[in-house]
Every structure is written in structure tokens, then in C-alpha cells.
Amino acid sequence: MKMLVTFEKAFRLRMIGHLDLMRAMQRALRRSDLPIRYSQGFNPHILLTFAAPLSLGHTGLREVMEVPVEGECNPDFFKARLQRALPPEIQLVSVRAVDDTHKSPMALLYAARYRADLEEVPDALRTALPAFLAQGEITAVKKTKTGEKTVDLKPMIHECSLNGNAMYLTLDLREESSCKPELLLRTLSDFAGVPLPRFTCTRLMLFAMRDLALIPLEDA
Amino acid sequence: MNEQQEAVFERLLEQVQKPARYTGGEMNTDVKPWEEAEVRFAFGFPDTYDIAMSHLGIKILYHIINRLPWGLCERVFTPWPDMGDGMRREGLPLFSLESRHPVRDFDIVGFTLQYEMSYTNILEMLDLAGIPAYARDRGEDDPLIVAGGPCAYNPEPLAPFVDAYMIGDGEDVMIQLCSAVREHKKAGTSKEALLKALAGIHGVYVPRFYDVSYHADGTIAAMTPNDACAPEKVERCVVTDLNGADYPETIPVPYTDVVFDRIVLEIMRGCTRGCRFCQAGMIYRPVRERSLERLIEIADRLEASTGYEEISLSSLSTGDYSCLPELIQSLMDRYQEKRVSISLPSMRIDNIVKQSLEMTQRVKKSGLTLAPEAGTQRLRDVINKGVTEDDLIRSVTDAFECGWSTVKLYFMMGLPTETDDDLRGIGDLAAKVTQAYYRTPKEKRGKGLRVTCSASVFVPKPFTPFQWAAQDTLDMVEEKQQRLREYLKIKNVVFNWHEGHLSFLEACISRGDRRIGDVIYTAWKKGCRFDGWNEHFRFDLWMEAFRECGLDPAFYAYRERPYDEINPWDIIDAGVTKEYLIRECEKAKAEKTTQDCRKGCNGCGLQRWKGVCACYENARHV
């Protein structure tokens, strides 16, 4: 059996990197005394997969991870036990039990929704937004390991709206097509001819795609 | 921290290296309510988070203070220069990790003194906190500044800055000190009155109640109490029953990488071996063991509360623990299913049990570190390192047969009476270790032999038989390092050596007097901090500081001191007596060894603690 665990990573932990968070989660699982599974090999470790690493500096409200367990395990029991073993800055949102054959959340992940809280929104940026989105192609320069690559962001954007100083973004997040909020905001600022405003980012939720609609990843 | 400071802080976090050093919120660091606490203690470790969180003492005392219903303890470490500079630029005061309260709002700020080269970091922390460095400049509203730890055995170099020192084991005296502060706060008495009360606590040294006068040659003429509250000598604290001593059942679990990220089980305190260069071996006497049952109880609770995957057995000489194989076996049986590995640092060459090696490697194999310290039997006798070449070769052979192929050997250079033969001896030993590897059958030994030889520079330390010794000059050190490099040009052997400059300064400060405080302050003013970190060590600035203060570093490091000179640390009664240290120093000169005191009492002075001292008890039975 596998547990699909949805959790919040609080603002205070935003500077804790992905690998550190994973280790913290593994230690919490050890503390919880739940029937977790270990990898084979000389240095066995707890089996655990995050759907998507959260960028350093980001808060996450509904992060998803998959925890394989031995035998059967009641999700409510699992949630209560694991929550007790976690620091207050990591709160569990939901736990769902699925078969071992269930597709991993990493494979199901399609997109993510973010809120970027901008310290200030220059008028030029606010005014430029409709025109920016109305372009037939939104060209951006993406830095990759091998160099720079020009991509079209247009098909990756599911939502991009400004509400006060908060920008809500739903963007593709899968291997073949992904756009980070930083890239979109940088491209938008360049388009508007203003420097990139300072912002903090919260990942609100992760999505899978079913019947051409985005559904919460933990429900997929 | 107010909202505006929070915003500044969050912005700084995005600009600095390793921001997780500053964010707190780790497992088992639950914040106690600030308003309800009667005594608030900021526990300062003058180094980075990664170093500080690897230290056992802070975890013990953190637990002890937080267990007091009226006490609160939070942690504060030295911000790395990028953060420190940022905080200064933005006017952000030093704050605690847990509740992010400004450090100057605490009642007590305590520092643990683990090594001399962290002293400038204390001044850096006080400055960032907005607390005047010099005790004389602090007022009634400033926190009480206290210190403890091994380097506090010579309290004088930091005497101008510290209000009160706790000398020796901290478990009990810490509670007494906090209680005194609590009563003082309730009664609303002056700081002067508090300090007088503190000076009356056993094991507490309050520097301002002592006057120091000097001879024309710079040596100390007298150190005398200037107030009736101050004892002639401050006797260190000894926790007599380690089983009864408080030990944390939960410890903070860092998110980010720290040097020792595991459960540390202190299996015993003290060492009976009597190596003559070793300060720890002298000041942590007598040997006190924790029982097997108590250790398993502690391990169980810590394993359950931390989720750590490794338990490390800690003490000055783990192999001397009387039921080591039983302990390892019980721990391994207990935690096999949970995949917890057991590690054994600081093993001595002569007692590494092959069985222990085999047992620990079943779970996880780490490198093997051995410390012969000197290259010849003659010099090992001088320093009373009771190991022989046969011991060493037998140990490494055992290890090679168990599949090890990486061995680290620690040596010291510049030990008293050292000659070229002793340096050559280091090369010979290393060669013999490689030969032992090749003698081991191929199917047994691991692949890829690697012998790492490290040679540190000897630093004479207070309360050791070598406390009167002269350190080698920097020129001598450099020349010896050259020779050692030649002697260690051996296949599969790597030689590591350290710059002599840091050891030279360490020697100046560790045996320094009260005047050294001004040098430390001047060096810090010039920009010195994180001196123990290569990239920040500025020897030139330190030398300028000595010049400006009119003090000669050679006076402190290079001079062989006569037995009748008053040492700055003579104000402390560390347990070992001067008579014993002189006796040991003379035996060293005569190349005579002293037996392990478990085999019979050597009269070091600890026999005064009747019933605590294992050697005293044994000596009666012999």
C-alpha cells in the first residue's frame, strides 16, 4: 500500500532546501513508528517520493508526497501518528491510501498554482499585463544546464491574474513543459520595461490532468 | 523581532549563504512562552550553526534550563560574516533562533568556550547584540554575561568581558546560577549584589572581585580577592553521579547539514590515561561511567524523539568503557530493525577490540582514526601515550583484516624534547602501516589503501604537565614540516599539516593573562572573527593588535615558564594539583611513564573527591 500525503511547508521553513526537507520527513517517519518501507542495499533509506521539489524560498500549502508502507494502514491513523512526529511548521492536510499499482504523483503531476506576493507593483507592469497575455506567442529565455533556450510560455500558462499586489499563476509543471513563476514574472517585467519587483512565492496546490481538466493531484 | 525587522531579516536570508542556519523551527525546539519565564537564558556558541549544533554540552544545558518550570533557554550562534555584515548594515540586532527575541532582552547570555580561536566571535556576537563588550561598560539593564566550558579553566583572557564563569561540569552549577538570577530579579537588587551572590556559589569565578599585579618582567606578582565574597581559589564543579545526572531525552534535530548529525551518547566522562599534553584528560577527571541500563534508556528515548539513523558513543577514550562490547551488542540488537547504525569515535590504539570493529561494520563502515601522537617510543613515553608500535600495527592489521583500507593517523609535532629521530619515526610508522596492509591477504583487505597522516602543532595547555613548556617558534615549525614532508613521501600515504600561525596564537591565548583581553578586543576591532576558519584568519591583524597593546606574543608562547611563576589560571582549582603536574613534568623529562590510574592511584589530586574517583577506589582494593 502507498500513502498519498498532502502537507504544508510553512513560511519559516522556506529556506530549507528540498533534500533537507526530505531528510526531515524521513526522520519524522522514523519517529512516527509507522510501518514504512526501506530501500534495499548497504545504506538502506526510507522510501519516500515528493511530487515536485519546492524551490528554495517558496512556501508550500499543499505539497504532495508518496510514502509506501508495509501491509495495510488506516489513513487517519497514519495522519495522526505522523503529525505528532512533525514540527509545527509542517502540517499535514490530508492522507489517502492507494494501491501499489497507483501511478506515482510525480508521474501524474501536470501543473501548479502559485501566489506571488509582490512588494510593489509598478503601474507599467499592471497596465502591460493584458497586452502581455494577448500576445500570440510569449517568448522567454530559459536558462538550462546547457545554456539558454528560447521557449514560448503561452501554452504553459493556465492562469495569470493580478489581484492587488498578489499575482495568481497556474503554470505547467511537468518534464516536457514547465514554467516557474520567476520566469514568468521576469518575462513580464521585461515586457513592461520595469525591473523585476521583489516578491515571495507560495505554491498553493499541485494538479493532475483528467478529462482535459486540472484536478488536485492528491485526488488523482 | 518586530514586523519591520522580520521583513529585513527575510530579505537578508535571500542574500546569504546557508540561510537555514538562521531560521530555527527545528524538531524539538518548542518555544516556551516568553512572558511566563522568570529567567531567560540565551545560550551562545561562538561559531556557526553547523559547528554549534554538533556540540553535546549545549544540548545538555539547553535541556536542563528549559526543564526548569521558570527557566527558558534559546540558542544563538555567530552569524557568518555575510549575515553579520548584513545585520550591521540593516541595523538588525542579534536575535535568538527560537523566538527571535533580541539577545539583549535576555537576562543571561552564556557562552561555551570550546577553543580559544572562537573568542573574537564572542565579541562579534555581543556587538551585534548591542551589548557593550567590556563588563565595566555594562549597566544594570544589560544581560549578565557568563561563560563555561573547557577553555574557562583559564578564565583570564576573557576576564574583562565576562561577569561570571562556571568552572567544571555544568549540570548543577547552571541551575544554581539561574536560581540566583531569579531571586535577584524578584528582589530587585543591584547587579553588584547579584555578582557577590554568584561569587559565593561553588565553582563560580567572578573576575572583577580579583586584582592582578605584575612584576616588571610582565609575569604575575599576585592575584588577590578584593572582596570578602570571593574565595581564594575557585574549585571546579564535579558531577559525582553520572547516572543521576540529567541527560536530554529530546534534542533539536537540524534541518540543514551539521558536522555531527546524530545521537551522541556520552558513555563516560573523564579519562584515566594521563597523556601529558592532553588538557581534557586532566580537567575532566575523575572517570565516571554511565551504566549500560541508563545508556540504553537514554538511547531509546533519543531514538524515539529524534528519528536519527546513527548513534555515536562518545567519551575521551571509548575503548576504556568497562562494558563496551555488551553495550554495542545491545544497541545493535535493539536498533537493527530500525536501521540505526552505531559509531565509535575516539578509540585508542591499544584497546580496539576486533570484535567491536566487526560488529560496527556490519551496520556501516566508517574510516578508522588512530592517534599515536608521536613517532618514537621514547617520545610516546615522554608524553605518556601508553601505546607501542606493536599495539598500532596489531590494530591496523585487525582493521585491514576486517576489510578496512582507509586509516587516519594523528601526530603532533613540536612536543617537548622532540628530535629529528622522532620526526623520522612518524615516517617509519606510516611505512609500517602500509606494510601491514600488504601483508594482509588480498581476499580479506579492502581495495585502495589510503593512509592519511596529520601532524598538528603542539600547544601547551593550562592544567597539563606541559603547561610550563615553550612552544616551537614559527620558523622551527615550518622547518620541521619541510622535513616531515620528505619523511612521508611514501606510496599510498598522504600528509596533512596545519599552518603554525593559528597554533601560535592559540598558545598565546590559552596561557594568556587578563591583559590578553585587550589584544582580543583590538584584533576584533580590526576585523578578526572566525579565526579558526582559514578563509577568515588574519594573522597580520593579530600581530598588529599585540603591538598596539604593548604585549609580546613570544612572552606567552615561546617562554619556558619556571615552576614558581604564578600562572593566570592558578586562581582555579581544577582538581589536579600543581604538585602532581610538576611530578609528571619531571617524569616526562626523565622519559618515564605513569600507569593508568585505574591500575592504582597516582595521587593527582582527585582523590579528594572520595568515592567518585575510580582509581581511588581501585587503589584501595589492589
# chains A, B, ... in the order shown; residues from 1 in each chain; ligands from 1
>>> residues_around(residues="A:Leu54", least_positions_apart="2", cutoff="12 Å", atoms="only C-alpha atoms", output="ChimeraX atom specification")
/A:8-10,13-22,50-52,56-65,112,114,173,180-181,201-206
>>> residues_around(residues="B:Asp107", least_positions_apart="2", cutoff="7 Å", atoms="only C-alpha atoms", output="PDB file with C-alpha atoms, in the first residue's frame")
ATOM      1  CA  VAL B  39      14.788  33.666  33.847  1.00  0.00           C
ATOM      2  CA  ARG B  40      15.626  33.866  30.158  1.00  0.00           C
ATOM      3  CA  PHE B  41      18.937  32.419  29.097  1.00  0.00           C
ATOM      4  CA  ASP B 105      16.437  41.214  26.065  1.00  0.00           C
ATOM      5  CA  VAL B 109      23.794  35.424  27.845  1.00  0.00           C
ATOM      6  CA  PRO B 143      22.248  40.980  30.438  1.00  0.00           C
ATOM      7  CA  LEU B 144      24.553  39.083  32.720  1.00  0.00           C
TER       8      LEU B 144
END
>>> select_by_dssp(residues="stretch 455-497 of chain B", states="strand (DSSP E)", output="MDAnalysis selection string")
chainID B and resid 455:457 493:497
>>> residues_around(residues="stretch 84-89 of chain A", least_positions_apart="4", cutoff="6 Å", atoms="only C-alpha atoms", output="list in words")
Ala10, Ala28, Arg31 and Ser32 of chain A; Met27 of chain B
>>> write_last_selection(atoms="all heavy atoms", output="mmCIF file, in the first residue's frame")
data_model
loop_
_atom_site.group_PDB
_atom_site.id
_atom_site.type_symbol
_atom_site.label_atom_id
_atom_site.label_comp_id
_atom_site.auth_asym_id
_atom_site.auth_seq_id
_atom_site.Cartn_x
_atom_site.Cartn_y
_atom_site.Cartn_z
ATOM 1 N N ALA A 10 5.629 25.522 6.035
ATOM 2 C CA ALA A 10 5.343 26.894 6.463
ATOM 3 C C ALA A 10 6.399 27.889 5.982
ATOM 4 O O ALA A 10 7.519 27.516 5.619
ATOM 5 C CB ALA A 10 5.225 26.939 7.974
ATOM 6 N N ALA A 28 10.979 12.134 10.507
ATOM 7 C CA ALA A 28 9.650 12.180 11.121
ATOM 8 C C ALA A 28 8.971 10.818 10.970
ATOM 9 O O ALA A 28 8.355 10.317 11.907
ATOM 10 C CB ALA A 28 8.816 13.277 10.481
ATOM 11 N N ARG A 31 10.344 8.566 13.498
ATOM 12 C CA ARG A 31 9.810 8.879 14.832
ATOM 13 C C ARG A 31 8.376 8.375 14.988
ATOM 14 O O ARG A 31 7.944 8.034 16.076
ATOM 15 C CB ARG A 31 9.812 10.403 15.068
ATOM 16 C CG ARG A 31 11.168 11.034 15.229
ATOM 17 C CD ARG A 31 11.050 12.472 15.701
ATOM 18 N NE ARG A 31 10.522 13.389 14.731
ATOM 19 C CZ ARG A 31 11.254 14.122 13.890
ATOM 20 N NH1 ARG A 31 12.581 14.021 13.906
ATOM 21 N NH2 ARG A 31 10.692 14.955 13.043
ATOM 22 N N SER A 32 7.649 8.366 13.879
ATOM 23 C CA SER A 32 6.221 8.046 13.944
ATOM 24 C C SER A 32 5.966 6.570 14.226
ATOM 25 O O SER A 32 4.887 6.200 14.656
ATOM 26 C CB SER A 32 5.560 8.407 12.623
ATOM 27 O OG SER A 32 5.955 7.462 11.635
ATOM 28 N N MET B 27 12.755 20.406 14.728
ATOM 29 C CA MET B 27 12.043 19.466 15.596
ATOM 30 C C MET B 27 12.658 19.529 16.993
ATOM 31 O O MET B 27 13.881 19.602 17.132
ATOM 32 C CB MET B 27 12.178 18.047 15.016
ATOM 33 C CG MET B 27 11.383 17.013 15.771
ATOM 34 S SD MET B 27 9.610 17.259 15.488
ATOM 35 C CE MET B 27 8.928 16.228 16.777
#
>>> interface_residues(of="chain B", to="chain A", cutoff="6 Å", atoms="only C-alpha atoms", output="list in words")
Ala20, Met27, Tyr255, Thr256, Ala304 and Gly307 of chain B
